[in-house]
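Heads up, the thing below is written out as structure tokens.
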Amino acid sequence: MQSGPKGKLFLVPSPLDFGCATQTPLGETMPAGTLAVAAKLTHWICENAKSARAYLKRIDELHPLAAPLREQQIAELPREVHKKGDHEAGGFDARPMLAAAASGVDIGLLSEAGMPAIADPGSSVVRAAHELGLQVVPLVGPVSLLLALAASGLNGQNFAFVGYLPQDAAQRAQRIRELEALALKHGQSQLFIETPYRNAALWDALTKTLQPSTRLAVASGLTLANAVTRSQAVRAWRLEGAPIANDTPAVFAIGR
């Protein structure tokens, strides 16, 4: 029977420049302590192995890795976890992915951008770690949702993240009205995101569907040199074009 200490699960944030044309120097956006811990890990569970290796290569330039990149043990979460989500109880069982922790090996959890398990897959791994009695250690790093909310001027004491809005135009408009009603009635800021190349369609729907006095905020390219953070009433937005590029990751928020 295993008698030694178990390994830990480290939640390792990654920079927000994934998929962007330019990258910000890692040392300017990621705490040195987080990178130092990540450099000591050799076992990983990730959203995408290719982007995980690219991130580890960037870390190695600042903090030498404990094992060469080719020797890093990197396991991807199944594709169905990405598509269907992994937050429901009784969903994907990630315990087998944490088997190495039983022998005292620390494991890192990575998403492609930001904090794993926040607007990204990974909650099933965290849940499994708790079930196995592993210590879960979240490391400090950028979380786009919180950065966007802080920069919006909307209510940061009461807010909700609702993921993606429907792609169908009629369903999307209905959902926008539902979220607006919550925001205006309860003062609860509503945050949501969109996949690249759909920003323009979502922005058009927001400015056409929301009431003129509702406040609409958007944050794009956070932590990059060309970051955009804007917030104003919809009536003002209707006099301008969309403030963000169609292909840049963005966070949207509405409130009062």
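FYI, nothing fancy with the structure tokens labels: chains A, B, ... in order, residues from 1 per chain, ligands from 1 as they appear.
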
Strand (DSSP E or B) call set, DSSP backbone run, region 28-238 of chain A, as a VMD selection string: chain A and resid 43 to 46 73 to 76 107 to 110 114 136 to 138 159 to 164 189 to 194 215 to 220 228 to 233

Can those selected residues be exported to a file as a compact mmCIF listing (two decimals), in the first residue's frame so that it contains N, CA and C atoms?
```txt
# COMPACT_ATOMS: atom_id res chain seq x y z
N HIS A 43 4.86 16.31 -15.29
CA HIS A 43 3.64 15.62 -15.68
C HIS A 43 2.52 16.65 -15.82
N TRP A 44 1.80 16.55 -16.94
CA TRP A 44 0.80 17.57 -17.26
C TRP A 44 -0.49 16.95 -17.78
N ILE A 45 -1.60 17.60 -17.45
CA ILE A 45 -2.90 17.35 -18.08
C ILE A 45 -3.30 18.67 -18.72
N CYS A 46 -3.66 18.63 -19.98
CA CYS A 46 -3.86 19.89 -20.69
C CYS A 46 -5.05 19.82 -21.64
N GLN A 73 5.78 14.50 -19.61
CA GLN A 73 4.63 13.61 -19.75
C GLN A 73 3.38 14.48 -19.88
N ILE A 74 2.82 14.55 -21.08
CA ILE A 74 1.70 15.45 -21.35
C ILE A 74 0.51 14.64 -21.84
N ALA A 75 -0.60 14.74 -21.13
CA ALA A 75 -1.83 14.03 -21.50
C ALA A 75 -2.92 15.05 -21.80
N GLU A 76 -3.64 14.85 -22.90
CA GLU A 76 -4.73 15.74 -23.30
C GLU A 76 -6.06 15.26 -22.73
N ILE A 107 1.47 17.06 -10.44
CA ILE A 107 0.91 17.17 -11.79
C ILE A 107 0.41 18.58 -12.01
N GLY A 108 0.63 19.11 -13.22
CA GLY A 108 0.14 20.44 -13.57
C GLY A 108 -1.07 20.33 -14.49
N LEU A 109 -2.02 21.20 -14.30
CA LEU A 109 -3.20 21.29 -15.17
C LEU A 109 -3.12 22.59 -15.94
N LEU A 110 -3.25 22.51 -17.27
CA LEU A 110 -3.11 23.67 -18.15
C LEU A 110 -4.31 23.80 -19.07
N GLY A 114 -5.18 31.52 -19.82
CA GLY A 114 -5.78 31.86 -18.54
C GLY A 114 -5.75 30.73 -17.54
N VAL A 136 -4.96 20.44 -3.97
CA VAL A 136 -5.13 21.24 -5.18
C VAL A 136 -4.55 22.63 -4.90
N VAL A 137 -3.60 23.04 -5.74
CA VAL A 137 -2.89 24.30 -5.51
C VAL A 137 -3.08 25.22 -6.72
N PRO A 138 -3.95 26.23 -6.63
CA PRO A 138 -4.08 27.18 -7.73
C PRO A 138 -2.95 28.20 -7.68
N PHE A 159 -22.09 39.22 -9.99
CA PHE A 159 -21.90 39.00 -11.42
C PHE A 159 -22.03 37.51 -11.74
N ALA A 160 -22.22 37.21 -13.01
CA ALA A 160 -22.32 35.82 -13.47
C ALA A 160 -21.62 35.69 -14.82
N PHE A 161 -20.95 34.56 -15.00
CA PHE A 161 -20.38 34.23 -16.30
C PHE A 161 -21.28 33.18 -16.93
N VAL A 162 -21.77 33.45 -18.15
CA VAL A 162 -22.78 32.57 -18.76
C VAL A 162 -22.26 31.87 -20.01
N GLY A 163 -20.97 31.90 -20.23
CA GLY A 163 -20.38 31.15 -21.34
C GLY A 163 -20.64 31.78 -22.69
N TYR A 164 -21.09 30.97 -23.65
CA TYR A 164 -21.35 31.42 -25.02
C TYR A 164 -22.84 31.64 -25.22
N SER A 189 -24.09 41.87 -13.01
CA SER A 189 -23.38 41.98 -14.28
C SER A 189 -23.33 40.62 -14.96
N GLN A 190 -23.54 40.60 -16.29
CA GLN A 190 -23.56 39.36 -17.05
C GLN A 190 -22.36 39.33 -18.00
N LEU A 191 -21.50 38.33 -17.85
CA LEU A 191 -20.30 38.21 -18.68
C LEU A 191 -20.43 37.01 -19.61
N PHE A 192 -19.95 37.16 -20.83
CA PHE A 192 -19.97 36.06 -21.79
C PHE A 192 -18.85 36.26 -22.80
N ILE A 193 -18.58 35.20 -23.56
CA ILE A 193 -17.48 35.22 -24.52
C ILE A 193 -17.97 34.72 -25.87
N GLU A 194 -17.12 34.85 -26.87
CA GLU A 194 -17.44 34.36 -28.21
C GLU A 194 -16.18 33.80 -28.84
N ARG A 215 -25.65 49.36 -20.10
CA ARG A 215 -24.21 49.54 -20.27
C ARG A 215 -23.62 48.27 -20.88
N LEU A 216 -22.81 48.45 -21.90
CA LEU A 216 -22.16 47.34 -22.61
C LEU A 216 -20.66 47.55 -22.58
N ALA A 217 -19.95 46.55 -22.09
CA ALA A 217 -18.49 46.63 -21.98
C ALA A 217 -17.85 45.50 -22.78
N VAL A 218 -16.65 45.75 -23.26
CA VAL A 218 -15.91 44.72 -23.98
C VAL A 218 -14.43 44.86 -23.65
N ALA A 219 -13.76 43.73 -23.51
CA ALA A 219 -12.32 43.71 -23.27
C ALA A 219 -11.70 42.70 -24.22
N SER A 220 -10.68 43.11 -24.94
CA SER A 220 -10.08 42.27 -25.97
C SER A 220 -8.56 42.40 -25.93
N VAL A 228 -7.79 46.32 -25.65
CA VAL A 228 -8.91 47.26 -25.70
C VAL A 228 -9.83 46.97 -24.52
N THR A 229 -10.16 47.99 -23.74
CA THR A 229 -11.16 47.88 -22.68
C THR A 229 -12.04 49.11 -22.77
N ARG A 230 -13.29 48.91 -23.18
CA ARG A 230 -14.23 50.03 -23.37
C ARG A 230 -15.56 49.69 -22.72
N SER A 231 -16.24 50.72 -22.19
CA SER A 231 -17.52 50.52 -21.53
C SER A 231 -18.34 51.79 -21.62
N GLN A 232 -19.54 51.68 -22.17
CA GLN A 232 -20.44 52.82 -22.24
C GLN A 232 -21.85 52.34 -22.55
N ALA A 233 -22.81 53.26 -22.50
CA ALA A 233 -24.20 52.92 -22.76
C ALA A 233 -24.38 52.52 -24.22
```

Test item: residues at most 9 Å from Ala66 (chain A), only C-alpha atoms, excluding those fewer than 6 positions along its chain, as a ChimeraX atom specification: /A:39-42,72

Could the residues in this selection be saved with C-alpha atoms as a compact mmCIF listing (two decimals), in the first residue's frame?
```txt
# COMPACT_ATOMS: atom_id res chain seq x y z
CA ALA A 39 9.34 24.59 -14.48
CA LYS A 40 9.70 21.92 -11.76
CA LEU A 41 6.77 19.85 -13.02
CA THR A 42 7.20 17.00 -15.48
CA GLN A 72 7.65 15.86 -20.34
```

Selection near Ala94 (chain A), 9 Å with only C-alpha atoms, sequence-local residues under 5 positions removed, as number ranges by chain: A: 77, 124-129

Taking only C-alpha atoms into account, produce a table as JSON lines in which each residue of region 161-228 of chain A with an atom at most 8 Å from an atom of region 12-17 of chain A appears once, together with its shortest atom pair and the distance in Å to one decimal, ordered by chain and rising number.
```
{"residue": "A:Gly221", "atom": "CA", "partner": "A:Asp17", "partner_atom": "CA", "distance": 7.2}
{"residue": "A:Leu222", "atom": "CA", "partner": "A:Leu16", "partner_atom": "CA", "distance": 6.7}
{"residue": "A:Thr223", "atom": "CA", "partner": "A:Leu16", "partner_atom": "CA", "distance": 6.9}
{"residue": "A:Leu224", "atom": "CA", "partner": "A:Asp17", "partner_atom": "CA", "distance": 7.0}
```

Create the file for the chosen residues now, containing N, CA and C atoms and written as a PDB file, in the first residue's frame.
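In the end it all went to part_11.pdb:
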```
ATOM      1  N   GLY A 221      -7.880  41.297 -26.199  1.00  0.00           N
ATOM      2  CA  GLY A 221      -6.421  41.331 -26.215  1.00  0.00           C
ATOM      3  C   GLY A 221      -5.818  41.691 -24.881  1.00  0.00           C
ATOM      4  N   LEU A 222      -6.466  41.292 -23.791  1.00  0.00           N
ATOM      5  CA  LEU A 222      -5.991  41.635 -22.454  1.00  0.00           C
ATOM      6  C   LEU A 222      -4.551  41.178 -22.239  1.00  0.00           C
ATOM      7  N   THR A 223      -3.771  42.024 -21.606  1.00  0.00           N
ATOM      8  CA  THR A 223      -2.334  41.876 -21.302  1.00  0.00           C
ATOM      9  C   THR A 223      -1.447  42.084 -22.523  1.00  0.00           C
ATOM     10  N   LEU A 224      -2.034  42.304 -23.705  1.00  0.00           N
ATOM     11  CA  LEU A 224      -1.235  42.577 -24.899  1.00  0.00           C
ATOM     12  C   LEU A 224      -1.062  44.081 -25.084  1.00  0.00           C
TER      13      LEU A 224
END
```

How close does region 124-178 of chain A get to region 203-207 of chain A? List, as CSV, each residue of region 124-178 of chain A within 8 Å, its nearest atom pair and the distance in Å to one decimal, counting only C-alpha atoms.
```
residue,atom,partner,partner_atom,distance
A:Ala169,CA,A:Ala205,CA,7.8
A:Arg172,CA,A:Ala205,CA,7.8
A:Ala173,CA,A:Ala205,CA,6.6
A:Ile176,CA,A:Leu206,CA,7.1
```

Would you mind exporting N, CA and C atoms of the selected residues as a compact mmCIF listing (two decimals), in the first residue's frame?
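This is the output file part14.txt:
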```
# COMPACT_ATOMS: atom_id res chain seq x y z
N ALA A 169 -29.61 33.43 -34.71
CA ALA A 169 -29.87 34.86 -34.49
C ALA A 169 -31.06 35.09 -33.56
N ARG A 172 -30.24 33.88 -30.06
CA ARG A 172 -29.25 34.78 -29.46
C ARG A 172 -29.91 36.06 -28.97
N ALA A 173 -30.78 36.64 -29.76
CA ALA A 173 -31.48 37.86 -29.35
C ALA A 173 -32.33 37.61 -28.11
N ILE A 176 -30.01 37.40 -25.13
CA ILE A 176 -29.52 38.74 -24.77
C ILE A 176 -30.57 39.47 -23.94
```

Distance criterion (only C-alpha atoms): nearest to Leu11 (chain A) out of A:Leu149, A:Ala117, A:Trp237, A:Glu47: A:Ala117

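Going from CA of His63 (chain A) to CA of Thr24 (chain A) covers 16.8 Å.
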
Between CA of Ala201 (chain A) and CA of Pro166 (chain A) - distance in Å to one decimal: 11.4 Å

Counting only C-alpha atoms, the residue of A:Gly133, A:Asp168, A:Pro64, A:Ala119 that sits nearest Arg95 (chain A):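 Distance minimum relative to Arg95 (chain A) lands on A:Gly133.
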
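Atom pair CA of Ala113 (chain A) / CA of Phe18 (chain A): separated by 5.9 Å.
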
For Leu165 (chain A), the nearest of the candidates A:Leu145, A:Ile254, A:Met30, A:Leu202, counting only C-alpha atoms: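 Ranked by minimum distance to Leu165 (chain A), first place goes to A:Leu202.
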
Given only C-alpha atoms as the counted atoms, nearest of A:Leu132, A:Ile59, A:Ala250, A:Val105 to Leu35 (chain A): A:Ile59

Distance criterion (only C-alpha atoms): nearest to Ala54 (chain A) out of A:Arg70, A:Arg238, A:Arg79, A:Arg256: A:Arg70

Counting only C-alpha atoms, the option among A:Asn48, A:Ser103, A:Gln171, A:Ser111 closest to Leu134 (chain A):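 When distances to Leu134 (chain A) are compared using only C-alpha atoms, the smallest one comes from A:Ser103.
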